[in-house]
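Structure file run.txt (compact mmCIF, C-alpha atoms and all ligand atoms) is printed below.
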# COMPACT_ATOMS: atom_id res chain seq x y z
CA SER A 1 119.40 70.36 107.16
CA ARG A 2 116.92 73.24 107.54
CA PRO A 3 115.22 74.83 104.52
CA ALA A 4 117.06 77.78 102.98
CA LYS A 5 115.97 81.36 103.68
CA ARG A 6 115.24 83.38 100.56
CA VAL A 7 116.88 86.81 100.74
CA THR A 8 116.01 89.54 98.24
CA VAL A 9 118.76 92.09 97.64
CA THR A 10 118.26 95.06 95.30
CA GLY A 11 121.01 97.20 93.82
CA ALA A 12 123.08 94.03 93.65
CA ALA A 13 125.65 95.46 91.24
CA GLY A 14 126.34 98.47 93.46
CA GLN A 15 129.15 99.17 95.89
CA ILE A 16 127.25 98.49 99.13
CA CYS A 17 126.18 95.08 97.83
CA TYR A 18 129.77 94.31 96.89
CA ALA A 19 130.36 94.11 100.65
CA LEU A 20 126.87 93.04 101.77
CA LEU A 21 126.40 89.92 99.64
CA PHE A 22 129.57 88.24 100.89
CA ARG A 23 128.67 88.84 104.54
CA LEU A 24 125.17 87.44 103.93
CA ALA A 25 126.53 84.37 102.18
CA GLN A 26 128.91 83.81 105.06
CA GLY A 27 126.01 83.56 107.52
CA ASP A 28 126.45 86.87 109.34
CA VAL A 29 122.70 87.52 109.57
CA PHE A 30 120.91 84.20 109.84
CA GLY A 31 123.67 82.20 111.48
CA ARG A 32 126.38 79.80 110.43
CA ASP A 33 123.93 76.89 110.25
CA GLN A 34 121.25 78.52 108.08
CA PRO A 35 121.46 77.98 104.30
CA ILE A 36 120.35 80.94 102.15
CA ILE A 37 119.26 81.62 98.59
CA LEU A 38 120.09 85.10 97.27
CA GLN A 39 117.56 86.71 94.92
CA LEU A 40 119.38 89.60 93.29
CA LEU A 41 117.61 92.49 91.59
CA ASP A 42 119.21 95.21 89.52
CA LEU A 43 118.39 97.21 86.40
CA PRO A 44 118.64 95.58 82.94
CA GLN A 45 121.87 97.44 82.14
CA ALA A 46 123.49 96.13 85.36
CA GLN A 47 122.80 92.43 84.77
CA ALA A 48 126.30 91.67 83.44
CA ALA A 49 127.86 93.33 86.48
CA VAL A 50 125.62 91.28 88.79
CA ARG A 51 126.74 88.13 86.99
CA GLY A 52 130.34 89.14 87.70
CA VAL A 53 129.61 89.53 91.43
CA VAL A 54 127.90 86.14 91.42
CA MET A 55 130.99 84.59 89.82
CA GLU A 56 132.95 85.90 92.79
CA LEU A 57 130.36 84.55 95.23
CA GLU A 58 130.77 81.14 93.55
CA ASP A 59 134.52 81.47 93.89
CA CYS A 60 134.16 81.81 97.66
CA ALA A 61 132.54 78.35 97.81
CA PHE A 62 130.39 79.51 100.73
CA PRO A 63 128.89 76.37 102.31
CA LEU A 64 125.62 78.16 103.19
CA LEU A 65 124.93 79.65 99.76
CA GLN A 66 122.50 77.21 98.20
CA ASP A 67 121.46 79.16 95.11
CA VAL A 68 121.55 82.61 93.53
CA VAL A 69 118.82 84.11 91.36
CA ILE A 70 119.74 87.04 89.09
CA THR A 71 116.89 89.12 87.73
CA ASP A 72 115.65 92.52 86.58
CA ASP A 73 112.06 91.56 87.46
CA PRO A 74 110.93 92.65 90.95
CA ALA A 75 108.30 89.88 91.06
CA VAL A 76 111.02 87.26 90.66
CA ALA A 77 113.28 88.96 93.19
CA PHE A 78 110.59 89.07 95.91
CA ARG A 79 109.15 85.58 95.33
CA ASP A 80 108.69 83.79 98.69
CA ALA A 81 111.21 86.14 100.29
CA ASP A 82 111.97 85.70 104.00
CA ALA A 83 114.00 88.91 104.14
CA ALA A 84 114.74 91.81 101.83
CA PHE A 85 117.57 94.35 101.69
CA LEU A 86 116.45 97.24 99.49
CA VAL A 87 119.72 98.90 98.62
CA GLY A 88 119.18 100.01 95.02
CA SER A 89 117.80 103.47 94.43
CA ARG A 90 118.12 106.39 92.07
CA PRO A 91 121.09 108.62 92.96
CA ARG A 92 120.91 112.36 92.38
CA SER A 93 122.30 113.21 88.97
CA LYS A 94 123.80 116.56 88.01
CA GLY A 95 121.24 119.35 88.01
CA MET A 96 118.49 117.11 89.39
CA GLU A 97 116.15 118.87 91.82
CA ARG A 98 115.40 117.32 95.18
CA ALA A 99 111.72 117.00 94.29
CA ASP A 100 112.58 115.12 91.07
CA LEU A 101 114.85 112.77 93.02
CA LEU A 102 112.05 112.04 95.49
CA LEU A 103 109.59 111.39 92.66
CA ALA A 104 112.02 109.11 90.78
CA ASN A 105 112.58 107.04 93.90
CA ALA A 106 108.89 106.97 94.73
CA GLU A 107 108.34 105.37 91.31
CA ILE A 108 110.92 102.65 92.09
CA PHE A 109 109.53 101.91 95.55
CA LYS A 110 105.92 101.85 94.29
CA VAL A 111 106.85 99.09 91.86
CA GLN A 112 108.84 97.21 94.50
CA GLY A 113 106.04 97.68 97.06
CA LYS A 114 103.61 95.97 94.70
CA ALA A 115 106.10 93.17 94.07
CA LEU A 116 106.64 92.76 97.83
CA ASN A 117 102.88 92.71 98.38
CA GLU A 118 102.25 90.06 95.77
CA ASN A 119 105.26 87.79 96.23
CA ALA A 120 107.00 87.91 99.61
CA LYS A 121 106.18 85.79 102.66
CA ARG A 122 103.91 87.69 105.08
CA ASP A 123 106.51 87.51 107.84
CA ALA A 124 109.39 88.73 105.66
CA LYS A 125 111.64 91.31 107.29
CA VAL A 126 112.44 94.32 105.11
CA ILE A 127 115.17 96.93 105.50
CA VAL A 128 115.41 99.89 103.16
CA VAL A 129 118.95 101.25 102.75
CA GLY A 130 118.63 103.15 99.45
CA ASN A 131 118.18 106.87 99.99
CA PRO A 132 116.04 108.67 100.92
CA ALA A 133 115.70 105.51 103.02
CA ASN A 134 112.88 106.43 105.42
CA THR A 135 110.72 107.96 102.71
CA ASN A 136 111.38 105.09 100.30
CA ALA A 137 110.28 102.70 103.07
CA GLY A 138 107.10 104.74 103.55
CA ILE A 139 106.26 104.53 99.84
CA LEU A 140 107.07 100.81 99.75
CA SER A 141 104.75 100.16 102.66
CA ALA A 142 101.94 102.30 101.20
CA PHE A 143 102.02 100.21 98.02
CA ALA A 144 102.09 96.90 99.90
CA PRO A 145 98.66 97.07 101.59
CA ASP A 146 98.51 93.34 102.44
CA PHE A 147 102.01 93.25 103.89
CA PRO A 148 102.47 93.96 107.63
CA LYS A 149 103.52 97.60 108.13
CA ALA A 150 105.70 96.70 111.10
CA ASN A 151 107.93 94.57 108.88
CA VAL A 152 109.02 97.49 106.70
CA THR A 153 111.94 99.31 108.32
CA ALA A 154 114.67 101.71 107.23
CA MET A 155 118.31 101.89 108.22
CA VAL A 156 119.64 104.37 110.78
CA ARG A 157 122.08 101.79 112.15
CA LEU A 158 125.04 103.32 110.34
CA ASP A 159 124.37 106.59 112.16
CA HIS A 160 123.97 104.59 115.40
CA ASN A 161 127.31 102.82 114.93
CA ARG A 162 129.03 106.09 113.99
CA ALA A 163 127.68 107.65 117.19
CA LEU A 164 128.89 104.71 119.30
CA SER A 165 132.44 105.01 117.97
CA LEU A 166 132.62 108.78 118.27
CA LEU A 167 131.34 108.79 121.85
CA ALA A 168 133.57 105.87 122.89
CA ALA A 169 136.63 107.69 121.54
CA LYS A 170 135.70 110.93 123.32
CA ALA A 171 135.10 109.17 126.64
CA GLY A 172 138.13 106.89 126.25
CA VAL A 173 136.15 103.68 126.73
CA PRO A 174 136.01 100.57 124.51
CA VAL A 175 133.22 100.87 121.95
CA SER A 176 131.95 97.42 122.95
CA THR A 177 130.99 98.80 126.38
CA VAL A 178 128.76 101.61 125.08
CA GLU A 179 125.05 100.98 125.50
CA LYS A 180 121.78 102.85 125.04
CA MET A 181 122.69 105.13 122.15
CA ILE A 182 119.70 106.49 120.24
CA ILE A 183 119.25 107.83 116.71
CA TRP A 184 115.96 109.70 116.33
CA GLY A 185 114.30 110.54 113.03
CA ASN A 186 115.44 110.59 109.44
CA HIS A 187 118.61 109.07 107.99
CA SER A 188 119.87 112.52 107.03
CA PRO A 189 121.96 115.22 108.66
CA THR A 190 118.86 116.30 110.61
CA MET A 191 118.77 113.10 112.68
CA LEU A 192 119.39 113.42 116.40
CA ALA A 193 122.16 111.28 117.91
CA ASP A 194 120.98 111.29 121.52
CA TRP A 195 123.58 110.53 124.19
CA ARG A 196 121.40 111.24 127.24
CA TYR A 197 120.85 107.60 128.15
CA ALA A 198 124.18 106.23 126.91
CA THR A 199 126.27 104.30 129.41
CA SER A 200 129.58 102.47 129.63
CA GLY A 201 129.89 99.87 132.36
CA GLY A 202 126.70 101.28 133.88
CA GLN A 203 128.15 104.82 134.12
CA SER A 204 126.48 107.71 132.32
CA LEU A 205 128.63 108.78 129.38
CA SER A 206 127.18 112.29 129.26
CA ALA A 207 128.22 112.71 132.90
CA MET A 208 131.65 111.20 132.16
CA VAL A 209 132.31 113.54 129.21
CA ASN A 210 130.50 116.40 130.92
CA ASP A 211 130.59 118.78 127.98
CA GLU A 212 127.15 119.79 126.70
CA ALA A 213 128.70 122.16 124.13
CA TRP A 214 130.69 119.26 122.63
CA TYR A 215 127.49 117.19 122.48
CA ARG A 216 125.47 119.89 120.74
CA GLU A 217 128.09 121.52 118.54
CA THR A 218 130.46 118.67 117.67
CA PHE A 219 128.97 115.25 118.37
CA ILE A 220 125.52 115.67 116.82
CA PRO A 221 126.70 117.48 113.65
CA LYS A 222 129.65 115.12 113.22
CA VAL A 223 127.44 112.05 113.21
CA GLY A 224 125.08 113.80 110.79
CA GLN A 225 127.86 114.82 108.42
CA ARG A 226 129.95 111.66 108.59
CA GLY A 227 128.63 110.44 105.24
CA ALA A 228 129.75 113.65 103.55
CA ALA A 229 133.18 113.43 105.26
CA ILE A 230 133.66 109.93 103.83
CA ILE A 231 132.74 111.05 100.31
CA GLU A 232 135.23 113.91 100.70
CA ALA A 233 138.03 111.59 101.85
CA ARG A 234 137.35 108.49 99.75
CA GLY A 235 135.84 110.02 96.65
CA ALA A 236 132.96 107.57 97.03
CA SER A 237 130.18 107.14 99.55
CA SER A 238 130.41 104.78 102.50
CA ALA A 239 129.93 101.22 101.36
CA ALA A 240 131.51 98.58 103.63
CA SER A 241 130.32 100.38 106.75
CA ALA A 242 126.84 100.75 105.27
CA ALA A 243 126.76 97.04 104.45
CA ASN A 244 127.96 96.26 107.98
CA ALA A 245 125.18 98.38 109.46
CA ALA A 246 122.56 96.63 107.32
CA ILE A 247 123.93 93.29 108.54
CA ASP A 248 123.79 94.50 112.18
CA HIS A 249 120.20 95.76 111.75
CA MET A 250 118.92 92.51 110.27
CA HIS A 251 121.05 90.29 112.51
CA ASP A 252 119.63 91.88 115.64
CA TRP A 253 116.05 91.80 114.30
CA VAL A 254 116.37 88.10 113.47
CA GLN A 255 118.59 86.93 116.33
CA GLY A 256 117.86 89.48 119.06
CA SER A 257 119.87 92.30 120.63
CA ASN A 258 120.45 90.57 124.00
CA GLY A 259 118.52 93.24 125.84
CA GLY A 260 120.61 96.03 124.29
CA TRP A 261 119.15 99.12 122.64
CA VAL A 262 119.65 99.55 118.92
CA SER A 263 118.22 102.20 116.60
CA MET A 264 115.84 101.22 113.81
CA ALA A 265 113.56 103.38 111.67
CA ILE A 266 110.12 101.83 112.21
CA PRO A 267 106.53 103.02 111.71
CA SER A 268 105.70 105.35 114.58
CA ASP A 269 102.94 104.57 117.07
CA GLY A 270 102.57 108.31 117.69
CA SER A 271 104.90 108.40 120.70
CA TYR A 272 107.82 110.79 121.19
CA GLY A 273 106.18 113.52 119.08
CA ILE A 274 106.50 111.45 115.90
CA PRO A 275 103.17 111.25 114.04
CA GLU A 276 101.73 107.76 113.68
CA GLY A 277 102.87 105.83 110.64
CA ILE A 278 105.98 107.92 109.91
CA ILE A 279 109.03 105.66 109.55
CA ALA A 280 111.50 107.26 111.92
CA GLY A 281 114.52 106.19 113.95
CA VAL A 282 113.77 105.22 117.55
CA PRO A 283 115.43 103.00 120.15
CA VAL A 284 114.30 99.36 120.10
CA ILE A 285 115.15 96.09 121.80
CA CYS A 286 114.96 92.98 119.60
CA ALA A 287 113.94 89.52 120.83
CA ASP A 288 112.23 86.45 119.37
CA GLY A 289 112.36 87.83 115.82
CA GLU A 290 110.61 91.07 116.74
CA TYR A 291 111.54 94.58 117.75
CA GLN A 292 109.97 96.44 120.66
CA ARG A 293 110.18 100.22 120.88
CA VAL A 294 111.83 101.45 124.10
CA THR A 295 109.00 103.37 125.74
CA GLY A 296 108.61 106.03 128.40
CA LEU A 297 111.83 107.95 127.78
CA GLU A 298 111.77 111.56 128.81
CA ILE A 299 112.15 114.05 125.96
CA ASP A 300 113.63 117.36 127.12
CA ALA A 301 113.16 120.67 125.31
CA PHE A 302 116.38 120.43 123.27
CA SER A 303 115.61 116.88 122.10
CA ALA A 304 111.97 117.72 121.34
CA GLU A 305 113.07 120.61 119.15
CA LYS A 306 115.58 118.42 117.28
CA ILE A 307 113.06 115.62 116.82
CA ALA A 308 110.52 118.10 115.44
CA VAL A 309 113.03 119.28 112.82
CA THR A 310 113.84 115.77 111.56
CA VAL A 311 110.16 114.72 111.63
CA ASN A 312 109.13 117.84 109.67
CA GLU A 313 111.77 117.00 107.09
CA LEU A 314 110.36 113.48 106.80
CA GLN A 315 106.83 114.73 106.35
CA SER A 316 107.87 117.15 103.62
CA GLU A 317 109.87 114.38 101.87
CA ILE A 318 106.85 112.10 101.88
CA SER A 319 104.56 114.82 100.52
CA ALA A 320 107.08 115.57 97.75
CA ALA A 321 107.50 111.86 96.96
CA LEU A 322 103.74 111.51 96.60
CA GLY A 323 103.75 114.57 94.34
CA LYS A 324 101.79 116.68 96.82
P1 LIG B 401 125.59 102.31 93.80
O1 LIG B 401 125.23 103.43 92.87
O2 LIG B 401 126.97 101.77 93.82
O3 LIG B 401 124.60 101.08 93.53
C1 LIG B 401 123.23 101.22 93.40
C2 LIG B 401 122.73 100.07 92.53
O4 LIG B 401 121.30 100.12 92.53
C3 LIG B 401 123.20 100.14 91.08
O5 LIG B 401 123.73 98.88 90.69
C4 LIG B 401 121.91 100.47 90.33
O6 LIG B 401 121.89 99.91 89.01
C5 LIG B 401 120.89 99.81 91.24
N1 LIG B 401 119.51 100.27 91.03
C6 LIG B 401 119.06 101.50 90.70
N2 LIG B 401 117.74 101.50 90.54
C7 LIG B 401 117.32 100.24 90.79
C8 LIG B 401 116.06 99.62 90.77
N3 LIG B 401 114.94 100.29 90.42
N4 LIG B 401 115.98 98.30 91.08
C9 LIG B 401 117.10 97.62 91.37
N5 LIG B 401 118.33 98.15 91.40
C10 LIG B 401 118.43 99.46 91.10
O7 LIG B 401 125.14 102.81 95.25
P2 LIG B 401 125.60 102.27 96.68
O8 LIG B 401 126.83 102.99 97.10
O9 LIG B 401 125.60 100.81 96.70
O10 LIG B 401 124.44 102.87 97.59
C11 LIG B 401 123.11 102.40 97.46
C12 LIG B 401 122.15 103.30 98.20
O11 LIG B 401 122.41 103.30 99.60
C13 LIG B 401 122.19 104.77 97.78
O12 LIG B 401 120.87 105.25 97.66
C14 LIG B 401 122.86 105.43 98.96
O13 LIG B 401 122.52 106.79 99.06
C15 LIG B 401 122.32 104.62 100.10
N6 LIG B 401 123.01 104.72 101.40
C16 LIG B 401 122.25 104.66 102.52
C17 LIG B 401 122.80 104.68 103.79
C18 LIG B 401 121.95 104.61 105.02
O14 LIG B 401 122.51 104.72 106.10
N7 LIG B 401 120.63 104.40 104.96
C19 LIG B 401 124.27 104.82 103.97
C20 LIG B 401 125.06 104.44 102.76
C21 LIG B 401 124.47 104.85 101.44
O15 LIG B 401 124.78 106.19 101.19

Turn the structure described in the file into structure tokens.
Amino acid sequence: SRPAKRVTVTGAAGQICYALLFRLAQGDVFGRDQPIILQLLDLPQAQAAVRGVVMELEDCAFPLLQDVVITDDPAVAFRDADAAFLVGSRPRSKGMERADLLLANAEIFKVQGKALNENAKRDAKVIVVGNPANTNAGILSAFAPDFPKANVTAMVRLDHNRALSLLAAKAGVPVSTVEKMIIWGNHSPTMLADWRYATSGGQSLSAMVNDEAWYRETFIPKVGQRGAAIIEARGASSAASAANAAIDHMHDWVQGSNGGWVSMAIPSDGSYGIPEGIIAGVPVICADGEYQRVTGLEIDAFSAEKIAVTVNELQSEISAALGK
């Protein structure tokens, strides 16, 4: 059989990973014929909890799960990695300032960037989920100078999937028929869920719904604030849906999106008013293990203004994370 893929997962004891690891082991990213080895990183104090999750993985007897490495050493976690899900990060504690949170996470992603640089395969695919995801990805990439920039991405797929469902429900069409949704910018309430190109069965959804006020005043804010609504209802942040989005992101990157548009936060080439190098959500099409930015889309005044807001936020996050 084919050689196993080594998959680094950080924050392995956390709630997102409690959903993510089982989907990975089942073959939901690399396929039902691709063995994998999980390389799980978490903090020293979380090692016992990771061992408990691994006991459960063993108890699933997943045919594709060849081995599991448990470690608190980033170098071990990233060794020969083919893919990495960077889920672990420092949450905001009571009384912590935003700037302190950004600095604490920058410290984590500096260390992991160096470990990625020194240990992972050069064609490894990386998704950062841990917040602030885009900025953490930027720091990671900056501290991995010998690792291809294009292979460090951040997750806006949860926002993308939320937008698909919300628009499908409004238009009364099956979610599976909705195409060409776009999430621009930061994974934060400032992101722009752009419906202008979205279709169902080839028909424009914005024309079908025909309610610009709903788009601007309900749809966009609702997608942006969905995470907060889930915390309010569940008493905990989204976990299974976040894991599902990470699976979707990596699945499409590895296996292709069949010509469909999906949103990924990738290093900007300077198009769409997003300064070069900034890791921001854009529409992409995935094929042959690579993503291609959808190019040449028209940006109207409303969208340009929204994109500027989310890009400015990203730039100020990065400056704060670098202590500038
Ligand atoms: P949990 O607090 O349940 O788990 C986080 C885990 O990361 C813990 O086990 C912790 O020990 C570990 N960790 C902390 N620092 C680490 C380090 N330096 N190295 C390795 N592991 C470390 O959080 P969970 O609910 O799983 O969420 C994880 C992250 O995803 C959070 O930052 C969260 O904000 C973020 N999210 C991002 C989303 C996105 O769309 N990009 C959506 C969901 C989620 O909110």

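Residue nearest ligand LIG 401 (chain B), chosen from A:Ser241, A:Thr71, A:Asn131, A:Gln26 and counting only C-alpha atoms and all ligand atoms: A:Asn131.
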
- Note on the structure: Among A:Glu313, A:Gln225, A:Pro275, A:Glu179, Trp261 in chain A is approached most closely, using only C-alpha atoms, by A:Glu179

- So which residues touch range 15-23 of chain A within 10 Å, counting all atoms listed in the file, skipping near sequence neighbours fewer than 4 positions away, as a PyMOL selection string? chain A and resi 9-11+27-29+38+40+50+53-54+56-57+60+62+65+85+87-88+129-130+236-247

- Message: For a quick check of understanding, using only C-alpha atoms and all ligand atoms, which of A:Gly172, A:Pro35, A:Gly224, A:Gly289 has the smallest distance to ligand LIG 401 (chain B)?
- Response: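 Closest residue, counting only C-alpha atoms and all ligand atoms: A:Gly224.
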
- Task: State, in Å with one decimal place, the distance from CA of Pro91 in chain A to atom N4 of ligand LIG 401 (chain B).
- Result: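 We find that CA of Pro91 in chain A and atom N4 of ligand LIG 401 (chain B) lie 11.7 Å from each other.
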
- Between A:Lys180, A:Asp248, A:Val68, A:Lys306, single out the one closest to Leu158 in chain A, counting only C-alpha atoms.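 Using only C-alpha atoms, Leu158 in chain A sits closest to A:Asp248.
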
- Note on the structure: Closest of A:Phe78, A:Phe109, A:Phe30, A:Tyr291 to ligand LIG 401 (chain B), counting only C-alpha atoms and all ligand atoms, is A:Phe109

- Within 6 Å of (121.2, 111.2, 123.3) (coordinates as in the file), grab all the protein and nucleic acid residues, counting only C-alpha atoms, and write them out as a PyMOL selection string. chain A and resi 182+193-196

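With distances restricted to all atoms listed in the file, A:Thr190 is the closest residue to Val309 in chain A from A:His251, A:Gln66, A:Thr190, A:Ala171.
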
Would you kindly place N, CA and C atoms on range 141-170 of chain A and return the model as a PDB file, in the coordinates of the input?
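What landed in selection03.pdb:
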ATOM      1  N   SER A 141     105.786 100.652 101.769  1.00  0.00           N
ATOM      2  CA  SER A 141     104.750 100.160 102.660  1.00  0.00           C
ATOM      3  C   SER A 141     103.356 100.576 102.177  1.00  0.00           C
ATOM      4  N   ALA A 142     103.240 101.811 101.688  1.00  0.00           N
ATOM      5  CA  ALA A 142     101.940 102.300 101.200  1.00  0.00           C
ATOM      6  C   ALA A 142     101.456 101.500  99.993  1.00  0.00           C
ATOM      7  N   PHE A 143     102.403 100.968  99.212  1.00  0.00           N
ATOM      8  CA  PHE A 143     102.020 100.210  98.020  1.00  0.00           C
ATOM      9  C   PHE A 143     102.059  98.695  98.262  1.00  0.00           C
ATOM     10  N   ALA A 144     102.151  98.317  99.530  1.00  0.00           N
ATOM     11  CA  ALA A 144     102.090  96.900  99.900  1.00  0.00           C
ATOM     12  C   ALA A 144     101.012  96.734 100.972  1.00  0.00           C
ATOM     13  N   PRO A 145      99.742  96.994 100.590  1.00  0.00           N
ATOM     14  CA  PRO A 145      98.660  97.070 101.590  1.00  0.00           C
ATOM     15  C   PRO A 145      98.409  95.765 102.352  1.00  0.00           C
ATOM     16  N   ASP A 146      98.775  94.620 101.762  1.00  0.00           N
ATOM     17  CA  ASP A 146      98.510  93.340 102.440  1.00  0.00           C
ATOM     18  C   ASP A 146      99.736  92.825 103.182  1.00  0.00           C
ATOM     19  N   PHE A 147     100.775  93.649 103.228  1.00  0.00           N
ATOM     20  CA  PHE A 147     102.010  93.250 103.890  1.00  0.00           C
ATOM     21  C   PHE A 147     102.090  93.986 105.233  1.00  0.00           C
ATOM     22  N   PRO A 148     102.464  93.289 106.319  1.00  0.00           N
ATOM     23  CA  PRO A 148     102.470  93.960 107.630  1.00  0.00           C
ATOM     24  C   PRO A 148     103.375  95.191 107.674  1.00  0.00           C
ATOM     25  N   LYS A 149     102.791  96.312 108.069  1.00  0.00           N
ATOM     26  CA  LYS A 149     103.520  97.600 108.130  1.00  0.00           C
ATOM     27  C   LYS A 149     104.746  97.509 109.028  1.00  0.00           C
ATOM     28  N   ALA A 150     104.600  96.770 110.120  1.00  0.00           N
ATOM     29  CA  ALA A 150     105.700  96.700 111.100  1.00  0.00           C
ATOM     30  C   ALA A 150     106.944  96.047 110.513  1.00  0.00           C
ATOM     31  N   ASN A 151     106.776  95.282 109.441  1.00  0.00           N
ATOM     32  CA  ASN A 151     107.930  94.570 108.880  1.00  0.00           C
ATOM     33  C   ASN A 151     108.698  95.363 107.838  1.00  0.00           C
ATOM     34  N   VAL A 152     108.277  96.621 107.621  1.00  0.00           N
ATOM     35  CA  VAL A 152     109.020  97.490 106.700  1.00  0.00           C
ATOM     36  C   VAL A 152     109.785  98.525 107.531  1.00  0.00           C
ATOM     37  N   THR A 153     111.098  98.430 107.499  1.00  0.00           N
ATOM     38  CA  THR A 153     111.940  99.310 108.320  1.00  0.00           C
ATOM     39  C   THR A 153     112.967 100.013 107.428  1.00  0.00           C
ATOM     40  N   ALA A 154     113.585 101.042 107.958  1.00  0.00           N
ATOM     41  CA  ALA A 154     114.670 101.710 107.230  1.00  0.00           C
ATOM     42  C   ALA A 154     115.902 101.777 108.134  1.00  0.00           C
ATOM     43  N   MET A 155     117.042 102.001 107.496  1.00  0.00           N
ATOM     44  CA  MET A 155     118.310 101.890 108.220  1.00  0.00           C
ATOM     45  C   MET A 155     118.794 103.229 108.793  1.00  0.00           C
ATOM     46  N   VAL A 156     118.907 103.281 110.121  1.00  0.00           N
ATOM     47  CA  VAL A 156     119.640 104.370 110.780  1.00  0.00           C
ATOM     48  C   VAL A 156     120.799 103.761 111.596  1.00  0.00           C
ATOM     49  N   ARG A 157     121.065 102.491 111.366  1.00  0.00           N
ATOM     50  CA  ARG A 157     122.080 101.790 112.150  1.00  0.00           C
ATOM     51  C   ARG A 157     123.494 102.292 111.856  1.00  0.00           C
ATOM     52  N   LEU A 158     123.708 102.779 110.633  1.00  0.00           N
ATOM     53  CA  LEU A 158     125.040 103.320 110.340  1.00  0.00           C
ATOM     54  C   LEU A 158     125.274 104.566 111.197  1.00  0.00           C
ATOM     55  N   ASP A 159     124.261 105.402 111.304  1.00  0.00           N
ATOM     56  CA  ASP A 159     124.370 106.590 112.160  1.00  0.00           C
ATOM     57  C   ASP A 159     124.577 106.165 113.617  1.00  0.00           C
ATOM     58  N   HIS A 160     123.863 105.136 114.032  1.00  0.00           N
ATOM     59  CA  HIS A 160     123.970 104.590 115.400  1.00  0.00           C
ATOM     60  C   HIS A 160     125.410 104.123 115.673  1.00  0.00           C
ATOM     61  N   ASN A 161     125.948 103.349 114.731  1.00  0.00           N
ATOM     62  CA  ASN A 161     127.310 102.820 114.930  1.00  0.00           C
ATOM     63  C   ASN A 161     128.351 103.939 114.905  1.00  0.00           C
ATOM     64  N   ARG A 162     128.130 104.927 114.031  1.00  0.00           N
ATOM     65  CA  ARG A 162     129.030 106.090 113.990  1.00  0.00           C
ATOM     66  C   ARG A 162     129.020 106.805 115.340  1.00  0.00           C
ATOM     67  N   ALA A 163     127.827 106.960 115.902  1.00  0.00           N
ATOM     68  CA  ALA A 163     127.680 107.650 117.190  1.00  0.00           C
ATOM     69  C   ALA A 163     128.367 106.864 118.309  1.00  0.00           C
ATOM     70  N   LEU A 164     128.230 105.542 118.282  1.00  0.00           N
ATOM     71  CA  LEU A 164     128.890 104.710 119.300  1.00  0.00           C
ATOM     72  C   LEU A 164     130.395 104.929 119.281  1.00  0.00           C
ATOM     73  N   SER A 165     130.984 104.888 118.082  1.00  0.00           N
ATOM     74  CA  SER A 165     132.440 105.010 117.970  1.00  0.00           C
ATOM     75  C   SER A 165     132.931 106.382 118.389  1.00  0.00           C
ATOM     76  N   LEU A 166     132.199 107.402 117.960  1.00  0.00           N
ATOM     77  CA  LEU A 166     132.620 108.780 118.270  1.00  0.00           C
ATOM     78  C   LEU A 166     132.554 109.031 119.777  1.00  0.00           C
ATOM     79  N   LEU A 167     131.495 108.558 120.413  1.00  0.00           N
ATOM     80  CA  LEU A 167     131.340 108.790 121.850  1.00  0.00           C
ATOM     81  C   LEU A 167     132.354 107.952 122.645  1.00  0.00           C
ATOM     82  N   ALA A 168     132.584 106.725 122.210  1.00  0.00           N
ATOM     83  CA  ALA A 168     133.570 105.870 122.890  1.00  0.00           C
ATOM     84  C   ALA A 168     134.952 106.517 122.856  1.00  0.00           C
ATOM     85  N   ALA A 169     135.314 107.065 121.679  1.00  0.00           N
ATOM     86  CA  ALA A 169     136.630 107.690 121.540  1.00  0.00           C
ATOM     87  C   ALA A 169     136.749 108.918 122.443  1.00  0.00           C
ATOM     88  N   LYS A 170     135.678 109.714 122.485  1.00  0.00           N
ATOM     89  CA  LYS A 170     135.700 110.930 123.320  1.00  0.00           C
ATOM     90  C   LYS A 170     135.840 110.578 124.793  1.00  0.00           C
TER      91      LYS A 170
END
